[in-house]
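Peer 1: Mind looking over this structure? Questions follow.
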Amino acid sequence: MGEGIRATVAITAPDGCPIARESARTGSVIDQTSTSVSPAASSGSVTEYLAAADEPAVDAETVDDGPDADAASADAESATDATSAADEPTDEAVFSYGSTAIYRTAHEESDGCPCACLGSYGCPVHRYVADDGELTLVFHAESFDQLQDVMGDLRERFPSVDVRRLLQPPLEGTPDDGVFVNRGKLTDRQREVLETAYENGYFERPRGANASELAAELGISQSTFTEHLVTAQRKLLDDVLDPSA
């Protein structure tokens, strides 16, 4: 039986990760990536990912209205160019699905890229989620010693790295049953409501406490308690029941 460890880590806005930058630029979630490969005679790697396709920019019309029109037009054009540059995707699209596209990025150096850092230890990325600039990675370490080495390197390069979950066999169920549940989706209040309900036996039968009692304990109305509880459960179930997980 393998004695490896499944690790889930989160890194806030890693500068060297083009996919995290693209996620932050568009304010979207990128969670469909292909396996990175090493090109011949190269120490780098290549990754493809699915993201929203950019619409072509539309030039605004200008109207000549006096001697200052040229200067105003030049200023407006300069501002537009700066905005367009900031809004342009980091990588070129290689295939279009219409509203989404496949982008390809090359990792030439490992210092600023978490995936390349993991690759230097022989740890492929099992699951990759970039959400508005925050990067969540799932990978497998062969041993606890390797995990310590990997995490030490990640912490040195990315001080914001946070260990979200560690799993070690034996585990019940199939490998597909071990899904990643992102508790970071919950607001502080939603997590507080969920933890209070769980700790007080709200989900047991018979219930250890009802909604009105727990709402009073938290100093909120029963309707607010129920709203937060339902929303929190929905967010977590999205991960648990996600067929792509």
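If you're wondering about the labels, chains in the structure tokens are A, B, ... by order shown, residues count from 1 in each chain, ligands from 1 in order shown.
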For A:Gln148, please output as a list in words all residues within 12 Å (counting only C-alpha atoms; exclusion window: fewer than 6 positions along the same chain).
Peer 2: Ile5, Ala7, Tyr121, Ala141, Glu142, Leu154, Arg155 and Val163 of chain A
Peer 1: Show which residues sit within 10 Å of A:Ala13, as a ChimeraX atom specification. Count only C-alpha atoms, and ignore same-chain residues fewer than 2 positions away.
Peer 2: /A:10-11,15-17,20-21,23-24,130-135,158,160-161
Peer 1: Atoms to include: all heavy atoms. Write the selected residues as a compact mmCIF listing (two decimals), in the first residue's frame.
Peer 2:
```txt
# COMPACT_ATOMS: atom_id res chain seq x y z
N ALA A 10 -3.13 26.44 -0.90
CA ALA A 10 -3.61 27.65 -1.57
C ALA A 10 -2.53 28.71 -1.50
O ALA A 10 -1.86 28.87 -0.48
CB ALA A 10 -4.89 28.14 -0.92
N ILE A 11 -2.36 29.45 -2.60
CA ILE A 11 -1.36 30.50 -2.69
C ILE A 11 -2.05 31.75 -3.22
O ILE A 11 -2.73 31.71 -4.25
CB ILE A 11 -0.20 30.10 -3.61
CG1 ILE A 11 0.46 28.81 -3.11
CG2 ILE A 11 0.84 31.22 -3.71
CD1 ILE A 11 1.49 28.24 -4.07
N ASP A 15 3.04 35.70 -8.35
CA ASP A 15 3.41 36.56 -9.48
C ASP A 15 3.84 35.78 -10.71
O ASP A 15 3.61 36.20 -11.84
CB ASP A 15 4.54 37.52 -9.06
CG ASP A 15 4.08 38.53 -8.02
OD1 ASP A 15 2.87 38.81 -7.96
OD2 ASP A 15 4.94 39.04 -7.27
N GLY A 16 4.48 34.63 -10.50
CA GLY A 16 5.02 33.89 -11.63
C GLY A 16 4.05 32.94 -12.28
O GLY A 16 4.43 32.19 -13.18
N CYS A 17 2.78 32.95 -11.85
CA CYS A 17 1.80 32.01 -12.41
C CYS A 17 0.91 32.73 -13.43
O CYS A 17 0.06 33.54 -13.04
CB CYS A 17 0.93 31.41 -11.31
SG CYS A 17 -0.35 30.30 -11.95
N ALA A 20 -2.92 32.15 -12.83
CA ALA A 20 -3.47 32.93 -11.72
C ALA A 20 -3.65 34.39 -12.14
O ALA A 20 -4.63 35.04 -11.78
CB ALA A 20 -2.56 32.83 -10.51
N ARG A 21 -2.69 34.91 -12.91
CA ARG A 21 -2.81 36.30 -13.39
C ARG A 21 -4.03 36.45 -14.30
O ARG A 21 -4.76 37.43 -14.22
CB ARG A 21 -1.54 36.72 -14.14
CG ARG A 21 -0.33 36.96 -13.26
CD ARG A 21 0.71 37.81 -13.98
NE ARG A 21 1.15 37.21 -15.21
CZ ARG A 21 2.19 36.39 -15.33
NH1 ARG A 21 2.89 36.07 -14.25
NH2 ARG A 21 2.54 35.89 -16.50
N SER A 23 -6.72 34.63 -14.25
CA SER A 23 -7.90 34.52 -13.40
C SER A 23 -8.18 35.84 -12.70
O SER A 23 -9.33 36.28 -12.60
CB SER A 23 -7.70 33.41 -12.36
OG SER A 23 -8.73 33.41 -11.41
N ALA A 24 -7.11 36.51 -12.21
CA ALA A 24 -7.29 37.79 -11.54
C ALA A 24 -7.74 38.86 -12.53
O ALA A 24 -8.56 39.73 -12.22
CB ALA A 24 -5.99 38.21 -10.86
N ALA A 130 -7.71 28.21 -10.19
CA ALA A 130 -7.35 29.62 -10.02
C ALA A 130 -8.65 30.41 -9.91
O ALA A 130 -9.47 30.39 -10.83
CB ALA A 130 -6.52 30.12 -11.20
N ASP A 131 -8.84 31.07 -8.80
CA ASP A 131 -10.10 31.79 -8.54
C ASP A 131 -9.77 33.24 -8.19
O ASP A 131 -9.31 33.53 -7.09
CB ASP A 131 -10.86 31.12 -7.40
CG ASP A 131 -12.25 31.71 -7.19
OD1 ASP A 131 -12.56 32.74 -7.84
OD2 ASP A 131 -13.02 31.15 -6.40
N ASP A 132 -10.00 34.13 -9.16
CA ASP A 132 -9.75 35.56 -8.96
C ASP A 132 -8.34 35.81 -8.42
O ASP A 132 -8.13 36.64 -7.53
CB ASP A 132 -10.80 36.16 -8.02
CG ASP A 132 -10.87 37.68 -8.12
OD1 ASP A 132 -10.30 38.23 -9.08
OD2 ASP A 132 -11.49 38.31 -7.24
N GLY A 133 -7.37 35.08 -8.95
CA GLY A 133 -5.97 35.30 -8.57
C GLY A 133 -5.45 34.36 -7.52
O GLY A 133 -4.24 34.17 -7.40
N GLU A 134 -6.35 33.74 -6.72
CA GLU A 134 -5.88 32.77 -5.72
C GLU A 134 -5.76 31.40 -6.35
O GLU A 134 -6.66 30.93 -7.04
CB GLU A 134 -6.83 32.68 -4.52
CG GLU A 134 -6.33 31.70 -3.46
CD GLU A 134 -7.22 31.59 -2.25
OE1 GLU A 134 -8.21 30.84 -2.33
OE2 GLU A 134 -6.94 32.25 -1.24
N LEU A 135 -4.63 30.75 -6.10
CA LEU A 135 -4.32 29.47 -6.71
C LEU A 135 -4.44 28.36 -5.69
O LEU A 135 -3.86 28.42 -4.61
CB LEU A 135 -2.89 29.52 -7.26
CG LEU A 135 -2.38 28.30 -8.00
CD1 LEU A 135 -3.22 28.05 -9.25
CD2 LEU A 135 -0.92 28.49 -8.38
N PHE A 158 6.87 31.32 -1.81
CA PHE A 158 5.52 31.90 -1.76
C PHE A 158 5.07 31.99 -0.31
O PHE A 158 4.40 31.06 0.20
CB PHE A 158 4.54 31.06 -2.58
CG PHE A 158 5.04 30.69 -3.95
CD1 PHE A 158 5.57 29.43 -4.18
CD2 PHE A 158 5.02 31.61 -4.98
CE1 PHE A 158 6.06 29.08 -5.43
CE2 PHE A 158 5.49 31.28 -6.24
CZ PHE A 158 6.02 30.01 -6.47
N SER A 160 2.73 33.30 1.17
CA SER A 160 1.28 33.24 1.44
C SER A 160 0.73 31.83 1.40
O SER A 160 -0.47 31.63 1.63
CB SER A 160 0.52 34.11 0.43
OG SER A 160 0.60 33.55 -0.88
N VAL A 161 1.56 30.82 1.09
CA VAL A 161 1.04 29.46 0.94
C VAL A 161 0.36 28.99 2.22
O VAL A 161 0.84 29.21 3.32
CB VAL A 161 2.17 28.48 0.54
CG1 VAL A 161 3.20 28.34 1.64
CG2 VAL A 161 1.58 27.11 0.16
```
Peer 1: Considering only C-alpha atoms, can you say which of A:Gly119, A:Pro124, A:Gly184, A:Pro14 comes closest to A:Lys235?
Peer 2: A:Gly184
Peer 1: Just list the residues in stretch 118-244 of chain A DSSP gives strand (DSSP E) on the backbone, as an mmCIF file with N, CA, C and O atoms, in the first residue's frame.
Peer 2:
```cif
data_model
loop_
_atom_site.group_PDB
_atom_site.id
_atom_site.type_symbol
_atom_site.label_atom_id
_atom_site.label_comp_id
_atom_site.auth_asym_id
_atom_site.auth_seq_id
_atom_site.Cartn_x
_atom_site.Cartn_y
_atom_site.Cartn_z
ATOM 1 N N VAL A 125 0.816 18.198 -10.729
ATOM 2 C CA VAL A 125 -0.360 18.820 -10.124
ATOM 3 C C VAL A 125 -1.575 17.971 -10.457
ATOM 4 O O VAL A 125 -1.908 17.767 -11.621
ATOM 5 N N HIS A 126 -2.240 17.450 -9.421
ATOM 6 C CA HIS A 126 -3.403 16.589 -9.618
ATOM 7 C C HIS A 126 -4.655 17.409 -9.931
ATOM 8 O O HIS A 126 -5.462 17.030 -10.773
ATOM 9 N N ARG A 127 -4.814 18.524 -9.246
ATOM 10 C CA ARG A 127 -5.943 19.420 -9.520
ATOM 11 C C ARG A 127 -5.496 20.859 -9.339
ATOM 12 O O ARG A 127 -4.707 21.166 -8.448
ATOM 13 N N TYR A 128 -6.036 21.712 -10.193
ATOM 14 C CA TYR A 128 -5.584 23.097 -10.272
ATOM 15 C C TYR A 128 -6.818 23.997 -10.358
ATOM 16 O O TYR A 128 -7.651 23.834 -11.248
ATOM 17 N N VAL A 129 -6.940 24.961 -9.438
ATOM 18 C CA VAL A 129 -8.047 25.913 -9.479
ATOM 19 C C VAL A 129 -7.496 27.313 -9.234
ATOM 20 O O VAL A 129 -6.859 27.560 -8.204
ATOM 21 N N ALA A 130 -7.712 28.209 -10.191
ATOM 22 C CA ALA A 130 -7.355 29.616 -10.023
ATOM 23 C C ALA A 130 -8.651 30.407 -9.914
ATOM 24 O O ALA A 130 -9.473 30.390 -10.831
ATOM 25 N N ASP A 131 -8.844 31.072 -8.798
ATOM 26 C CA ASP A 131 -10.096 31.794 -8.538
ATOM 27 C C ASP A 131 -9.772 33.237 -8.188
ATOM 28 O O ASP A 131 -9.311 33.533 -7.091
ATOM 29 N N GLU A 134 -6.345 33.736 -6.718
ATOM 30 C CA GLU A 134 -5.883 32.775 -5.715
ATOM 31 C C GLU A 134 -5.759 31.399 -6.353
ATOM 32 O O GLU A 134 -6.655 30.929 -7.038
ATOM 33 N N LEU A 135 -4.626 30.753 -6.098
ATOM 34 C CA LEU A 135 -4.319 29.475 -6.713
ATOM 35 C C LEU A 135 -4.443 28.355 -5.691
ATOM 36 O O LEU A 135 -3.864 28.418 -4.608
ATOM 37 N N THR A 136 -5.225 27.326 -6.021
ATOM 38 C CA THR A 136 -5.353 26.142 -5.176
ATOM 39 C C THR A 136 -4.821 24.933 -5.948
ATOM 40 O O THR A 136 -5.252 24.686 -7.073
ATOM 41 N N LEU A 137 -3.874 24.221 -5.343
ATOM 42 C CA LEU A 137 -3.244 23.078 -5.983
ATOM 43 C C LEU A 137 -3.434 21.826 -5.134
ATOM 44 O O LEU A 137 -3.341 21.885 -3.910
ATOM 45 N N VAL A 138 -3.688 20.706 -5.790
ATOM 46 C CA VAL A 138 -3.728 19.401 -5.134
ATOM 47 C C VAL A 138 -2.617 18.555 -5.746
ATOM 48 O O VAL A 138 -2.523 18.438 -6.976
ATOM 49 N N PHE A 139 -1.775 17.993 -4.904
ATOM 50 C CA PHE A 139 -0.692 17.153 -5.397
ATOM 51 C C PHE A 139 -0.434 16.017 -4.417
ATOM 52 O O PHE A 139 -0.938 16.025 -3.293
ATOM 53 N N HIS A 140 0.348 15.035 -4.848
ATOM 54 C CA HIS A 140 0.660 13.878 -4.014
ATOM 55 C C HIS A 140 2.164 13.812 -3.762
ATOM 56 O O HIS A 140 2.954 13.851 -4.705
ATOM 57 N N ALA A 141 2.535 13.734 -2.500
ATOM 58 C CA ALA A 141 3.929 13.544 -2.108
ATOM 59 C C ALA A 141 4.145 12.066 -1.791
ATOM 60 O O ALA A 141 3.264 11.409 -1.231
ATOM 61 N N ASP A 162 -0.801 28.353 2.036
ATOM 62 C CA ASP A 162 -1.610 27.883 3.171
ATOM 63 C C ASP A 162 -2.023 26.438 2.919
ATOM 64 O O ASP A 162 -2.587 26.121 1.865
ATOM 65 N N VAL A 163 -1.721 25.553 3.869
ATOM 66 C CA VAL A 163 -2.116 24.149 3.735
ATOM 67 C C VAL A 163 -3.589 24.028 4.104
ATOM 68 O O VAL A 163 -3.985 24.305 5.236
ATOM 69 N N ARG A 164 -4.396 23.598 3.134
ATOM 70 C CA ARG A 164 -5.838 23.490 3.356
ATOM 71 C C ARG A 164 -6.252 22.088 3.803
ATOM 72 O O ARG A 164 -7.192 21.921 4.566
ATOM 73 N N ARG A 165 -5.511 21.075 3.321
ATOM 74 C CA ARG A 165 -5.940 19.714 3.650
ATOM 75 C C ARG A 165 -4.806 18.730 3.383
ATOM 76 O O ARG A 165 -4.064 18.866 2.411
ATOM 77 N N LEU A 166 -4.670 17.735 4.267
ATOM 78 C CA LEU A 166 -3.724 16.648 4.081
ATOM 79 C C LEU A 166 -4.462 15.327 4.277
ATOM 80 O O LEU A 166 -5.190 15.168 5.261
ATOM 81 N N LEU A 167 -4.284 14.387 3.361
ATOM 82 C CA LEU A 167 -4.917 13.077 3.455
ATOM 83 C C LEU A 167 -3.854 12.001 3.303
ATOM 84 O O LEU A 167 -2.950 12.116 2.475
#
```
Peer 1: Can you tell me how far atom CA of A:Ala232 sits from atom CA of A:Arg183, in Å to one decimal?
Peer 2: 9.2 Å
Peer 1: Using only C-alpha atoms, pick whichever of A:Glu227, A:Asp239, A:Glu22, A:Asp31 has the shortest atom-to-atom distance to A:Leu194.
Peer 2: A:Glu227
Peer 1: If you measure from atom CA of A:Ile30 to atom CA of A:Leu50, what distance in Å do you get, rounded to one decimal?
Peer 2: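 So the two atoms, atom CA of A:Ile30 and atom CA of A:Leu50, lie 6.7 Å apart.
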Peer 1: Pick out the residues sitting within 9 Å of stretch 205-212 of chain A, and hand them over as a count of residues only; count only C-alpha atoms, and ignore anything fewer than 3 positions along from it in its own chain.
Peer 2: 12
Peer 1: Hey, which of A:Thr100, A:Thr12, A:Gln190, A:Gln233 ends up closest to A:Ala51? Count only C-alpha atoms.
Peer 2: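 Nearest to A:Ala51: A:Thr100.
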Peer 1: For the atom pair atom CA of A:Ser99 and atom CA of A:Ala52, what is the interatomic distance in Å to one decimal place?
Peer 2: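 One can read the atom CA of A:Ser99 to atom CA of A:Ala52 distance as 6.1 Å.
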Peer 1: Let me make sure I understand: among A:Val150, A:Ala101, A:Val230, A:Val29, which one has the smallest atom-to-atom distance to A:Cys117 if we use only C-alpha atoms?
Peer 2: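 The closest residue to A:Cys117 is A:Val150.
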